[in-house]
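What's in coords34.txt: compact mmCIF, C-alpha atoms
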# COMPACT_ATOMS: atom_id res chain seq x y z
CA MET A 200 77.73 113.14 101.11
CA PRO A 201 76.77 110.40 98.59
CA GLU A 202 73.15 109.25 98.66
CA LEU A 203 72.49 106.06 100.66
CA ARG A 204 71.40 103.76 97.88
CA VAL A 205 72.62 100.37 96.71
CA ILE A 206 72.47 98.32 93.51
CA ALA A 207 71.34 94.73 94.02
CA SER A 208 72.36 91.61 92.10
CA HIS A 209 70.34 92.35 88.96
CA GLY A 210 71.09 96.07 88.80
CA GLN A 211 67.88 97.11 90.54
CA ARG A 212 68.31 100.23 92.67
CA ILE A 213 66.86 99.91 96.18
CA ASP A 214 66.94 102.10 99.23
CA ALA A 215 69.54 101.12 101.79
CA PRO A 216 67.89 99.98 105.03
CA THR A 217 68.03 102.22 108.03
CA THR A 218 70.10 101.33 111.09
CA SER A 219 68.34 99.11 113.59
CA SER A 220 68.02 100.78 116.98
CA LYS A 221 67.21 97.51 118.77
CA THR A 222 70.72 96.99 120.13
CA ALA A 223 72.64 100.06 118.96
CA THR A 224 73.33 102.99 121.23
CA SER A 225 73.63 106.49 119.76
CA SER A 226 76.25 106.83 117.04
CA PRO A 227 79.73 107.46 118.48
CA ASP A 228 80.42 109.86 115.61
CA SER A 229 78.87 110.91 112.32
CA ASN A 230 81.31 108.85 110.27
CA MET A 231 80.23 105.50 111.75
CA VAL A 232 77.22 103.28 111.06
CA TRP A 233 75.77 100.45 113.12
CA VAL A 234 76.23 96.92 111.76
CA ALA A 235 73.79 94.62 113.54
CA GLY A 236 75.37 91.24 114.19
CA GLY A 237 74.19 87.92 112.85
CA THR A 238 75.13 84.60 111.36
CA PHE A 239 76.41 84.36 107.80
CA GLN A 240 78.24 82.13 105.35
CA MET A 241 81.90 83.17 105.54
CA GLY A 242 84.52 82.27 102.95
CA SER A 243 84.09 80.52 99.61
CA ASN A 244 84.78 77.12 98.08
CA ASP A 245 84.59 78.48 94.53
CA HIS A 246 87.58 80.79 94.15
CA TYR A 247 91.06 80.89 95.69
CA PRO A 248 91.99 78.01 98.04
CA GLU A 249 92.80 80.26 101.01
CA GLU A 250 89.13 81.35 101.10
CA ALA A 251 87.97 77.82 101.95
CA PRO A 252 86.22 76.24 103.63
CA ALA A 253 82.99 78.19 103.42
CA HIS A 254 81.46 77.98 106.88
CA SER A 255 78.86 79.46 109.17
CA GLU A 256 80.10 82.35 111.32
CA THR A 257 78.38 84.55 113.89
CA VAL A 258 79.37 88.07 114.89
CA SER A 259 77.98 90.53 117.43
CA GLY A 260 76.91 94.02 116.43
CA PHE A 261 79.43 96.85 116.11
CA TRP A 262 79.89 100.36 114.80
CA MET A 263 82.05 100.71 111.69
CA ASP A 264 83.60 103.63 109.84
CA LYS A 265 81.59 104.44 106.72
CA TYR A 266 84.80 104.99 104.76
CA PRO A 267 88.45 103.95 104.87
CA ILE A 268 90.55 106.39 106.91
CA THR A 269 91.53 109.28 104.66
CA ASN A 270 94.70 111.31 104.25
CA ARG A 271 92.92 114.21 105.96
CA GLN A 272 92.10 112.09 109.01
CA PHE A 273 95.56 110.55 109.21
CA ALA A 274 97.20 113.96 108.94
CA ALA A 275 95.18 115.12 111.97
CA PHE A 276 96.45 112.08 113.89
CA VAL A 277 100.06 112.78 112.91
CA ASP A 278 99.71 116.46 113.84
CA ALA A 279 98.36 115.49 117.26
CA THR A 280 100.81 112.69 118.06
CA GLN A 281 103.88 113.25 115.84
CA HIS A 282 103.56 109.61 114.80
CA VAL A 283 106.16 108.41 112.31
CA THR A 284 105.00 105.51 110.15
CA LEU A 285 107.08 102.41 109.59
CA ALA A 286 107.61 103.41 105.96
CA GLU A 287 109.25 106.63 107.19
CA ARG A 288 111.71 104.81 109.46
CA PRO A 289 114.83 102.79 108.62
CA ALA A 290 114.29 99.03 108.85
CA ASN A 291 115.97 97.03 111.60
CA PRO A 292 118.77 94.96 109.97
CA ASP A 293 118.28 92.22 112.57
CA ASP A 294 114.84 91.53 111.10
CA TYR A 295 116.18 91.10 107.55
CA PRO A 296 119.33 88.95 107.53
CA GLY A 297 121.48 89.61 104.49
CA ALA A 298 119.52 92.62 103.29
CA LYS A 299 121.43 95.20 101.28
CA PRO A 300 121.92 98.49 103.20
CA GLU A 301 119.95 100.47 100.62
CA MET A 302 116.98 98.18 101.19
CA LEU A 303 116.90 99.21 104.86
CA ALA A 304 116.37 102.91 104.10
CA PRO A 305 112.89 104.38 104.72
CA SER A 306 110.91 102.95 101.81
CA SER A 307 107.63 101.40 100.80
CA VAL A 308 106.12 99.21 98.09
CA VAL A 309 104.78 101.04 95.02
CA PHE A 310 103.00 99.80 91.91
CA VAL A 311 104.85 100.89 88.75
CA LYS A 312 102.94 100.17 85.55
CA PRO A 313 105.12 98.46 82.94
CA PRO A 314 104.99 99.67 79.31
CA GLY A 315 103.67 96.38 77.95
CA PRO A 316 102.71 92.78 78.76
CA VAL A 317 104.92 91.00 81.30
CA ASP A 318 105.23 87.59 82.92
CA LEU A 319 102.47 87.51 85.55
CA ARG A 320 104.37 84.88 87.53
CA ASN A 321 106.91 87.51 88.60
CA HIS A 322 105.35 90.30 90.67
CA TYR A 323 108.59 92.26 90.60
CA ASN A 324 107.57 93.19 87.07
CA TRP A 325 105.24 95.80 88.61
CA TRP A 326 106.14 96.15 92.29
CA SER A 327 109.07 98.36 93.31
CA TYR A 328 110.49 99.16 96.73
CA ILE A 329 110.92 102.93 96.45
CA PRO A 330 112.93 105.01 98.96
CA GLY A 331 110.91 107.98 100.17
CA ALA A 332 107.52 106.45 99.37
CA ASP A 333 105.17 106.90 102.32
CA TRP A 334 101.69 108.13 103.18
CA ARG A 335 102.58 111.72 102.23
CA HIS A 336 104.28 110.58 99.00
CA PRO A 337 102.23 107.66 97.64
CA GLU A 338 104.26 107.11 94.44
CA GLY A 339 107.62 108.23 95.83
CA PRO A 340 109.36 111.47 96.86
CA ALA A 341 108.18 113.45 93.82
CA SER A 342 104.50 112.73 94.55
CA SER A 343 102.22 114.26 97.17
CA ILE A 344 98.72 114.12 98.63
CA GLU A 345 98.06 117.81 97.99
CA HIS A 346 94.95 117.06 95.92
CA ARG A 347 94.15 113.74 97.59
CA TRP A 348 93.03 114.70 101.08
CA ASP A 349 89.83 112.67 100.76
CA HIS A 350 91.55 109.60 99.29
CA PRO A 351 92.25 106.62 101.56
CA VAL A 352 95.56 106.93 103.37
CA VAL A 353 98.03 104.31 102.09
CA HIS A 354 101.48 103.00 102.98
CA ILE A 355 100.14 102.03 106.39
CA ALA A 356 101.77 99.13 108.23
CA TYR A 357 99.80 97.24 110.87
CA ALA A 358 101.44 99.10 113.76
CA ASP A 359 100.48 102.43 112.16
CA ALA A 360 96.83 101.36 111.93
CA GLU A 361 96.93 100.20 115.56
CA ALA A 362 98.44 103.50 116.69
CA TYR A 363 95.70 105.47 114.91
CA ALA A 364 93.05 103.20 116.43
CA ARG A 365 94.35 103.80 119.97
CA TRP A 366 94.36 107.55 119.37
CA ALA A 367 90.80 107.44 117.99
CA GLY A 368 89.55 105.19 120.80
CA LYS A 369 88.49 102.51 118.32
CA GLU A 370 89.69 99.10 117.11
CA LEU A 371 90.59 97.28 113.92
CA PRO A 372 87.99 94.71 112.84
CA SER A 373 88.43 90.97 112.87
CA GLU A 374 88.24 89.20 109.53
CA SER A 375 84.77 87.85 110.29
CA GLU A 376 83.47 91.29 111.33
CA TRP A 377 84.93 92.84 108.19
CA GLU A 378 83.46 90.20 105.87
CA PHE A 379 80.05 90.31 107.53
CA ALA A 380 79.97 94.09 107.06
CA ALA A 381 81.17 93.90 103.44
CA ARG A 382 78.47 91.41 102.50
CA GLY A 383 75.75 93.80 103.63
CA GLY A 384 73.28 91.00 104.20
CA LEU A 385 73.77 89.39 100.75
CA ASP A 386 74.72 86.04 102.23
CA GLY A 387 76.53 83.74 99.81
CA ALA A 388 76.67 86.22 96.91
CA PRO A 389 80.05 86.28 95.13
CA TYR A 390 80.22 90.07 95.11
CA ALA A 391 79.37 92.53 97.85
CA TRP A 392 76.51 93.85 95.70
CA GLY A 393 75.21 90.56 94.26
CA ASP A 394 75.88 88.11 91.44
CA GLU A 395 77.49 90.24 88.73
CA LEU A 396 80.73 92.22 88.71
CA THR A 397 79.20 95.15 86.81
CA PRO A 398 75.40 94.90 87.11
CA GLY A 399 73.74 96.69 84.24
CA GLY A 400 77.15 97.97 83.16
CA THR A 401 77.61 99.88 86.44
CA TYR A 402 81.06 99.86 88.06
CA MET A 403 80.50 99.19 91.73
CA ALA A 404 84.05 99.66 92.99
CA ASN A 405 87.44 101.08 92.07
CA THR A 406 89.18 98.11 90.45
CA TRP A 407 91.27 97.47 87.34
CA GLN A 408 89.76 97.32 83.84
CA GLY A 409 91.97 96.11 81.02
CA GLU A 410 94.93 93.74 80.97
CA PHE A 411 96.83 93.93 84.24
CA PRO A 412 99.46 95.27 84.87
CA TRP A 413 100.14 97.34 81.77
CA GLN A 414 96.75 98.38 80.37
CA ASN A 415 94.37 100.31 82.62
CA LEU A 416 91.29 101.41 80.68
CA ARG A 417 89.98 103.43 83.66
CA GLN A 418 86.38 102.65 82.78
CA ASP A 419 85.51 103.23 86.45
CA GLY A 420 87.07 106.69 86.22
CA TYR A 421 90.25 106.12 88.22
CA GLU A 422 93.86 105.12 87.56
CA ARG A 423 94.90 104.70 91.19
CA THR A 424 93.01 105.47 94.42
CA ALA A 425 89.70 107.34 94.31
CA PRO A 426 88.26 109.75 96.86
CA VAL A 427 86.19 107.79 99.37
CA GLY A 428 82.47 107.47 98.73
CA GLN A 429 82.53 107.62 94.93
CA PHE A 430 80.86 104.24 94.40
CA PRO A 431 77.47 102.88 95.56
CA VAL A 432 76.93 102.32 99.26
CA ASN A 433 76.17 98.85 100.59
CA PRO A 434 72.95 98.00 102.51
CA TYR A 435 74.64 98.71 105.86
CA GLY A 436 75.63 102.24 104.82
CA LEU A 437 79.29 101.40 104.13
CA PHE A 438 81.35 102.67 101.21
CA ASP A 439 84.44 101.26 99.48
CA MET A 440 84.40 97.89 101.24
CA ILE A 441 85.52 96.47 97.92
CA GLY A 442 88.31 97.94 95.77
CA ASN A 443 90.16 101.23 96.21
CA VAL A 444 92.48 99.91 98.97
CA TRP A 445 92.98 96.68 100.87
CA GLU A 446 92.14 96.95 104.58
CA TRP A 447 93.84 95.48 107.64
CA THR A 448 92.10 93.03 109.98
CA THR A 449 93.32 91.65 113.29
CA ASP A 450 93.38 87.97 112.27
CA TRP A 451 96.66 86.13 111.83
CA TYR A 452 96.86 84.65 108.34
CA SER A 453 96.63 80.96 107.61
CA ASN A 454 96.30 79.26 104.24
CA GLY A 455 92.61 78.62 104.64
CA HIS A 456 90.16 79.46 107.39
CA PRO A 457 91.30 78.16 110.79
CA PRO A 458 89.30 75.28 112.27
CA LYS A 459 86.60 75.97 114.82
CA THR A 460 87.14 75.31 118.50
CA CYS A 461 85.27 72.70 120.53
CA CYS A 462 82.40 75.13 121.14
CA GLY A 463 82.02 75.97 117.45
CA ALA A 464 83.68 79.39 117.60
CA SER A 465 86.32 80.27 115.02
CA THR A 466 89.80 81.20 116.14
CA ALA A 467 91.62 84.26 114.85
CA GLY A 468 94.54 82.23 113.58
CA ASN A 469 97.94 81.70 115.10
CA ARG A 470 100.94 84.04 114.96
CA GLU A 471 103.43 81.18 114.64
CA HIS A 472 101.52 79.70 111.72
CA SER A 473 101.30 83.05 109.93
CA TYR A 474 104.95 83.22 108.85
CA ASP A 475 105.67 82.86 105.14
CA PRO A 476 106.94 79.29 104.63
CA THR A 477 108.76 80.34 101.45
CA MET A 478 110.94 82.77 103.45
CA PRO A 479 111.97 80.84 106.59
CA GLU A 480 114.89 83.16 107.26
CA ILE A 481 112.57 86.18 107.70
CA ARG A 482 110.32 85.78 110.73
CA ILE A 483 107.75 88.50 110.10
CA PRO A 484 104.20 87.45 111.05
CA ARG A 485 101.34 88.16 108.66
CA ARG A 486 97.78 89.43 109.18
CA VAL A 487 94.75 89.04 106.93
CA ILE A 488 93.87 91.93 104.65
CA LYS A 489 90.50 92.18 102.92
CA GLY A 490 88.59 93.91 100.15
CA GLY A 491 90.94 94.08 97.18
CA SER A 492 92.15 97.33 95.65
CA PHE A 493 92.36 99.46 92.52
CA LEU A 494 94.86 96.86 91.24
CA CYS A 495 92.51 93.85 91.31
CA ALA A 496 91.79 92.70 87.75
CA PRO A 497 89.87 89.86 86.08
CA ASN A 498 93.06 88.52 84.44
CA TYR A 499 95.19 88.46 87.57
CA CYS A 500 93.74 89.15 91.04
CA ARG A 501 90.01 88.52 91.24
CA ARG A 502 89.91 89.48 94.89
CA TYR A 503 87.25 92.18 94.61
CA ARG A 504 84.92 89.95 96.67
CA PRO A 505 84.02 89.80 100.39
CA ALA A 506 85.37 86.24 100.77
CA ALA A 507 88.76 87.13 99.29
CA ARG A 508 91.70 87.39 101.68
CA MET A 509 95.44 87.87 101.45
CA ALA A 510 98.44 87.63 103.76
CA GLN A 511 100.27 90.85 104.56
CA PRO A 512 103.48 91.02 106.65
CA ILE A 513 102.79 93.35 109.56
CA ASP A 514 105.88 95.44 108.76
CA THR A 515 105.04 95.99 105.10
CA ALA A 516 103.20 99.04 103.80
CA ALA A 517 102.10 99.53 100.20
CA CYS A 518 100.44 102.01 97.87
CA HIS A 519 97.18 100.01 97.85
CA LEU A 520 96.81 99.27 101.57
CA GLY A 521 94.82 101.23 104.15
CA PHE A 522 92.33 100.55 106.94
CA ARG A 523 89.07 101.44 108.65
CA LEU A 524 87.99 101.03 112.26
CA ILE A 525 85.15 99.65 114.34
CA LEU A 526 83.76 100.23 117.82
CA ARG A 527 82.22 97.30 119.66
CA GLN A 528 79.35 97.64 122.10
CA SER A 529 81.54 95.96 124.70
CA SER A 530 85.29 95.47 124.58
CA SER A 531 85.11 92.39 126.79
CA SER A 532 85.49 88.93 125.25
CA GLU A 533 82.99 86.19 125.77
CA ASN A 534 84.37 83.00 127.24
CA CYS A 535 82.49 79.84 126.38
CA GLY A 536 83.95 77.91 129.31
CA CYS A 537 86.30 75.77 127.26
CA GLY A 538 89.09 78.32 127.40
CA HIS A 539 88.48 79.82 123.96
CA GLN A 540 88.27 83.61 123.90
CA GLY A 541 86.23 85.23 121.18
CA LYS A 542 88.87 87.93 120.79
CA THR A 543 92.55 87.07 120.40
CA GLU A 544 95.68 89.14 120.12

Let's see the structure in the file written out as structure tokens.
Amino acid sequence: MPELRVIASHGQRIDAPTTSSKTATSSPDSNMVWVAGGTFQMGSNDHYPEEAPAHSETVSGFWMDKYPITNRQFAAFVDATQHVTLAERPANPDDYPGAKPEMLAPSSVVFVKPPGPVDLRNHYNWWSYIPGADWRHPEGPASSIEHRWDHPVVHIAYADAEAYARWAGKELPSESEWEFAARGGLDGAPYAWGDELTPGGTYMANTWQGEFPWQNLRQDGYERTAPVGQFPVNPYGLFDMIGNVWEWTTDWYSNGHPPKTCCGASTAGNREHSYDPTMPEIRIPRRVIKGGSFLCAPNYCRRYRPAARMAQPIDTAACHLGFRLILRQSSSSENCGCGHQGKTE
């Protein structure tokens, strides 16, 4: 197990703080750590517009998985439940009017590196919808997870993550819980570890080095996903909150943080407002994903930051998308009296 240490904003190595026992009960399992709640500055006004406005947010304490769910863990779930992921099932033609029949076959979204520079305005220059790509075959039918049991599981749609969570007796985090945990107490810092992307020349996460999408210098040691726990831990004892794979949250996506309610609490977005306005004929709601992935690069997707967020259709799996789970002290929602519930579905 990697040593619990963290690199701060100026490259100084410090011991990660121990878990507070003030409000935490005993650990539900050895793969979870306690994240004491608190108030923090969520979002950013300095990067992509959907991250704004930066605002004060408060979360209660919760247990969180140290690592993203791995192929080994997901395989145990599938063995126990015979779950079939969305990527392994044919798509419903009613959900995709006008789709070609071959596009409805069991498939998933895979990054395919082009041989040279391409137009960055067209993401189809590197994304392909590949039949037979799924969690067991991350790059397509000819690939496997045989030597990747400790890598994050990928090609996971939202319903697959929910099914695993029910089986494990846990929950997916909200966006605010996820961001609070990723920041590790470094309130307002651009990166989860401080002010610099590579403090002292140290790579803190599995991201892209070189000119995306055709030149990957692998200076962090990895071309695609990495085994979990290969990069420094954050002050809360969490690994891989940034890079490696994007992670699902429960919040419905909106183009910017939703306004607060009358009592000052933030909402978790609105399903109806989460649809992609550029595709009105396809009514697939979208959730917020967080953390960036091995594909985030300085010249294209600088989303290797806690404030970064993206919209992900709930039916869409991809080779850079996984999840981790939390366990709250109480599953009940607090009601402020104005009708707002702290937890929304």

Contact check, stretch 292-359 of chain A to stretch 475-484 of chain A, at most 10 Å, counting all atoms listed in the file, closest pairs as JSON lines:
{"residue": "A:Asp293", "atom": "CA", "partner": "A:Ile481", "partner_atom": "CA", "distance": 9.6}
{"residue": "A:Asp294", "atom": "CA", "partner": "A:Ile481", "partner_atom": "CA", "distance": 6.7}
{"residue": "A:Tyr295", "atom": "CA", "partner": "A:Ile481", "partner_atom": "CA", "distance": 6.1}
{"residue": "A:Pro296", "atom": "CA", "partner": "A:Glu480", "partner_atom": "CA", "distance": 7.3}
{"residue": "A:Gly297", "atom": "CA", "partner": "A:Glu480", "partner_atom": "CA", "distance": 9.6}

Would you mind exporting C-alpha atoms of the selected residues as an mmCIF file, keeping the file's coordinate frame?
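Contents of the output file selection-v1.cif:
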data_model
loop_
_atom_site.group_PDB
_atom_site.id
_atom_site.type_symbol
_atom_site.label_atom_id
_atom_site.label_comp_id
_atom_site.auth_asym_id
_atom_site.auth_seq_id
_atom_site.Cartn_x
_atom_site.Cartn_y
_atom_site.Cartn_z
ATOM 1 C CA ASP A 293 118.280 92.220 112.570
ATOM 2 C CA ASP A 294 114.840 91.530 111.100
ATOM 3 C CA TYR A 295 116.180 91.100 107.550
ATOM 4 C CA PRO A 296 119.330 88.950 107.530
ATOM 5 C CA GLY A 297 121.480 89.610 104.490
#

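The space between atom CA of A:Gln511 and atom CA of A:Pro227 spans 29.9 Å.
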
Tell me, counting all atoms listed in the file, for each residue of stretch 394-458 of chain A within 10 Å of stretch 308-324 of chain A, which pair of atoms is nearest and how far apart they are in Å to one decimal, in rows ordered by chain and increasing number, as a Markdown table.
| residue | atom | partner | partner_atom | distance |
| --- | --- | --- | --- | --- |
| A:Glu410 | CA | A:Pro316 | CA | 8.1 |
| A:Phe411 | CA | A:Pro316 | CA | 8.1 |
| A:Pro412 | CA | A:Lys312 | CA | 6.0 |
| A:Trp413 | CA | A:Pro313 | CA | 5.2 |
| A:Gln414 | CA | A:Gly315 | CA | 7.6 |
| A:Asn415 | CA | A:Lys312 | CA | 9.1 |
| A:Arg423 | CA | A:Phe310 | CA | 9.5 |

* Excluding same-chain residues fewer than 3 positions from A:Tyr421, what lies within 9 Å of it counting all atoms listed in the file, as a ChimeraX atom specification? -> /A:405-407,416-418,424-425,493

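Put simply, atom CA of A:Arg382 is 16.7 Å away from atom CA of A:Trp447.
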
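Residue nearest A:Arg501 within the list A:Val427, A:Leu396, A:Ile513, A:Leu524: A:Leu396 [criterion: smallest interatomic distance, all atoms listed in the file].
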
* Asked: Interatomic distance between atom CA of A:Asp514 and atom CA of A:Pro457?
  -> 22.7 Å

Give me the stretch 425-534 of chain A side of the contact with stretch 334-351 of chain A, cut-off 9 Å, one line per residue showing its nearest atom pair and distance in Å at one decimal, counting all atoms listed in the file, sorted by chain and residue number, as a tab-separated table.
residue	atom	partner	partner_atom	distance
A:Ala425	CA	A:His350	CA	5.8
A:Pro426	CA	A:His350	CA	4.1
A:Val427	CA	A:His350	CA	5.7
A:Asn443	CA	A:Pro351	CA	7.9
A:Val444	CA	A:Pro351	CA	7.2
A:Ala517	CA	A:Pro337	CA	8.5
A:Cys518	CA	A:Pro337	CA	5.9
A:Leu520	CA	A:Pro351	CA	8.6
A:Gly521	CA	A:Pro351	CA	6.5
A:Phe522	CA	A:Pro351	CA	8.1

Using 4 Å of padding on each side, determine the axis-aligned box around all atoms of stretch 472-476 of chain A present in the file and give its centre and edge lengths in Å to one decimal, as lines of an AutoDock Vina configuration file.
center_x = 104.1
center_y = 81.3
center_z = 108.2
size_x = 13.6
size_y = 11.9
size_z = 15.1

* To do: Rank nothing, just name the residue among A:Glu446, A:Glu256, A:Asp333, A:Asp264 nearest to A:Ala507, using all atoms listed in the file.
  =>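 That would be A:Glu446, the residue with the smallest distance to A:Ala507.
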
* To do: Would you list the residues near (104.8, 100.3, 112.2), meaning any protein, DNA or RNA residue with an atom at most 8 Å from that point in file coordinates, counting all atoms listed in the file, as a list in words?
  =>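 These residues have at least one counted atom within 8 Å: Thr284, Leu285, Ala286, Ile355, Ala356, Tyr357, Ala358, Asp359, Ile513 and Asp514 of chain A.
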
* Go through A:Pro305, A:Pro267, A:Gly491, A:Gly393 and flag the residue nearest A:Val283, using only C-alpha atoms for the distances. =>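 Going through A:Pro305, A:Pro267, A:Gly491, A:Gly393 one by one, the smallest distance to A:Val283 is for A:Pro305.
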
* Asked: Pick from A:Trp451, A:Phe239, A:Phe379, A:Tyr363: nearest to A:Gly490, with all atoms listed in the file counted?
  ->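 Closest candidate: A:Phe379.
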
* To do: For A:Glu374, please output as JSON, numbers by chain all residues within 9 Å (counting only C-alpha atoms; exclusion window: fewer than 4 positions along the same chain).
  => {"A": [378, 379, 447, 448, 449, 450, 467, 487, 488, 489, 508]}

* Asked: So which one's closest to A:Ala388, A:Arg504, A:Lys265, A:His254, A:Arg527? Using all atoms listed in the file, please.
  ->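 That would be A:Arg504, the residue with the smallest distance to A:Ala388.
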
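Nearest-residue note for A:Tyr266: choosing from A:Tyr474, A:Tyr435, A:Tyr499, A:Tyr452, the minimum distance belongs to A:Tyr435, counting only C-alpha atoms.
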